[in-house]
Amino acid sequence: APRWPEGLVGSMTHCEGYCAAALVRAGDLLSLGIDAELHAPLPEDVLEVVVALPAEQRRLARLAARHPAVHWDRVLFSAKESVYKAWFPLTGRWLAFREADIEVAPDAGAPRTGRFRAELLVPGPLVGGRRLTHFEGRWTVGTGLVATAVTIPHP
């Protein structure tokens, strides 16, 4: 895990031909996670065996029928990576792919951008006396990449 300078929280990502980091003052956000992936299908069986819950697979199939130019499996994978990157600094614990149920939604009239909501299927971090039950984020597809981001505000 990266160690950020005192007073900052951040996240970083890299894939073939791309790398990025995002930093913010700790007073502005509690945590954040970013991820970038090549916009291509996941390797065979990875979605079903490793990444997606059955309900997520059904939702992705519906999205693929409406918007076949988007590799929804890769969007889901990237969203789960961003969730983990926001989760870990708050908990110090691993979050498996199947411990968050993510619903991806395209923006109206713009099927290459949208939002996602990750319902935590394990107890979430305790923040300001309140247990977090979900994370929310944004995604976009463009220039051969999928990019996702999650921000966790202060309570």
# chains A, B, ... in the order shown; residues from 1 in each chain; ligands from 1
call {"tool": "residues_around", "arguments": {"residues": "Leu29 (chain A)", "least_positions_apart": "2", "cutoff": "8 Å", "atoms": "only C-alpha atoms", "output": "list in words"}}
result
Val9, Val24, Arg25, Ala26, Gly27, Ser31, Leu32, Thr151, Ile152, Pro153 and His154 of chain A
call {"tool": "select_by_dssp", "arguments": {"residues": "region 60-118 of chain A", "states": "strand (DSSP E)", "output": "VMD selection string"}}
result
chain A and resid 100 to 107 110 to 118
call {"tool": "residues_around", "arguments": {"residues": "Ala105 (chain A)", "least_positions_apart": "5", "cutoff": "7 Å", "atoms": "only C-alpha atoms", "output": "list in words"}}
result
Gly114, Arg115 and Phe116 of chain A
call {"tool": "write_last_selection", "arguments": {"atoms": "N, CA, C and O atoms", "output": "compact mmCIF listing (two decimals), in the first residue's frame"}}
result
# COMPACT_ATOMS: atom_id res chain seq x y z
N GLY A 114 -21.07 6.73 -16.20
CA GLY A 114 -22.15 6.42 -15.28
C GLY A 114 -21.69 6.35 -13.84
O GLY A 114 -20.62 6.82 -13.47
N ARG A 115 -22.56 5.76 -13.04
CA ARG A 115 -22.37 5.62 -11.60
C ARG A 115 -22.36 4.14 -11.23
O ARG A 115 -22.84 3.31 -11.99
N PHE A 116 -21.88 3.86 -10.03
CA PHE A 116 -22.05 2.52 -9.48
C PHE A 116 -22.20 2.63 -7.98
O PHE A 116 -21.79 3.60 -7.35
call {"tool": "residues_around", "arguments": {"residues": "region 49-62 of chain A", "least_positions_apart": "3", "cutoff": "12 Å", "atoms": "only C-alpha atoms", "output": "PyMOL selection string"}}
result
chain A and resi 42-46+65-68+70-81+95-106+116-119+121
call {"tool": "atom_distance", "arguments": {"atom1": "CA of Glu16 (chain A)", "atom2": "CA of Gly137 (chain A)"}}
result
23.0 Å
call {"tool": "atom_distance", "arguments": {"atom1": "CA of Gly10 (chain A)", "atom2": "CA of Asp35 (chain A)"}}
result
11.8 Å
call {"tool": "select_by_dssp", "arguments": {"residues": "region 22-103 of chain A", "states": "helix (DSSP H, G or I)", "output": "PyMOL selection string"}}
result
chain A and resi 46-51+54-66+72-91+97-99
call {"tool": "atom_distance", "arguments": {"atom1": "CA of Glu136 (chain A)", "atom2": "CA of Val150 (chain A)"}}
result
6.0 Å
call {"tool": "residues_around", "arguments": {"residues": "Gly17 (chain A)", "least_positions_apart": "4", "cutoff": "10 Å", "atoms": "only C-alpha atoms", "output": "PyMOL selection string"}}
result
chain A and resi 37-38+145
call {"tool": "closest_residue", "arguments": {"among": "A:Gly7, A:Arg112, A:Trp87, A:Ile34", "to": "Ala20 (chain A)", "atoms": "only C-alpha atoms"}}
result
A:Ile34
call {"tool": "residues_around", "arguments": {"residues": "Gly129 (chain A)", "least_positions_apart": "4", "cutoff": "12 Å", "atoms": "only C-alpha atoms", "output": "ChimeraX atom specification"}}
result
/A:124-125,154-155
call {"tool": "write_last_selection", "arguments": {"atoms": "all heavy atoms", "output": "PDB file, in the first residue's frame"}}
result
ATOM      1  N   GLY A 124     -18.959  -3.130   7.116  1.00  0.00           N
ATOM      2  CA  GLY A 124     -18.135  -2.041   6.605  1.00  0.00           C
ATOM      3  C   GLY A 124     -17.385  -1.338   7.711  1.00  0.00           C
ATOM      4  O   GLY A 124     -17.597  -1.597   8.902  1.00  0.00           O
ATOM      5  N   PRO A 125     -16.504  -0.431   7.332  1.00  0.00           N
ATOM      6  CA  PRO A 125     -15.736   0.303   8.341  1.00  0.00           C
ATOM      7  C   PRO A 125     -16.643   1.186   9.194  1.00  0.00           C
ATOM      8  O   PRO A 125     -17.663   1.689   8.728  1.00  0.00           O
ATOM      9  CB  PRO A 125     -14.763   1.142   7.512  1.00  0.00           C
ATOM     10  CG  PRO A 125     -15.297   1.153   6.129  1.00  0.00           C
ATOM     11  CD  PRO A 125     -16.166  -0.045   5.964  1.00  0.00           C
ATOM     12  N   HIS A 154     -16.290  12.487   4.583  1.00  0.00           N
ATOM     13  CA  HIS A 154     -16.350  12.464   6.038  1.00  0.00           C
ATOM     14  C   HIS A 154     -17.814  12.430   6.455  1.00  0.00           C
ATOM     15  O   HIS A 154     -18.682  12.960   5.753  1.00  0.00           O
ATOM     16  CB  HIS A 154     -15.668  13.706   6.624  1.00  0.00           C
ATOM     17  CG  HIS A 154     -14.192  13.683   6.490  1.00  0.00           C
ATOM     18  ND1 HIS A 154     -13.369  12.976   7.334  1.00  0.00           N
ATOM     19  CD2 HIS A 154     -13.378  14.274   5.580  1.00  0.00           C
ATOM     20  CE1 HIS A 154     -12.118  13.126   6.954  1.00  0.00           C
ATOM     21  NE2 HIS A 154     -12.097  13.916   5.903  1.00  0.00           N
ATOM     22  N   PRO A 155     -18.104  11.822   7.612  1.00  0.00           N
ATOM     23  CA  PRO A 155     -19.514  11.778   8.063  1.00  0.00           C
ATOM     24  C   PRO A 155     -20.049  13.156   8.404  1.00  0.00           C
ATOM     25  O   PRO A 155     -19.347  14.073   8.665  1.00  0.00           O
ATOM     26  CB  PRO A 155     -19.465  10.888   9.318  1.00  0.00           C
ATOM     27  CG  PRO A 155     -18.043  10.756   9.703  1.00  0.00           C
ATOM     28  CD  PRO A 155     -17.206  11.180   8.533  1.00  0.00           C
TER      29      PRO A 155
END
call {"tool": "closest_residue", "arguments": {"among": "A:Val146, A:Leu8, A:Ala40, A:Leu47", "to": "Asp28 (chain A)", "atoms": "only C-alpha atoms"}}
result
A:Leu8
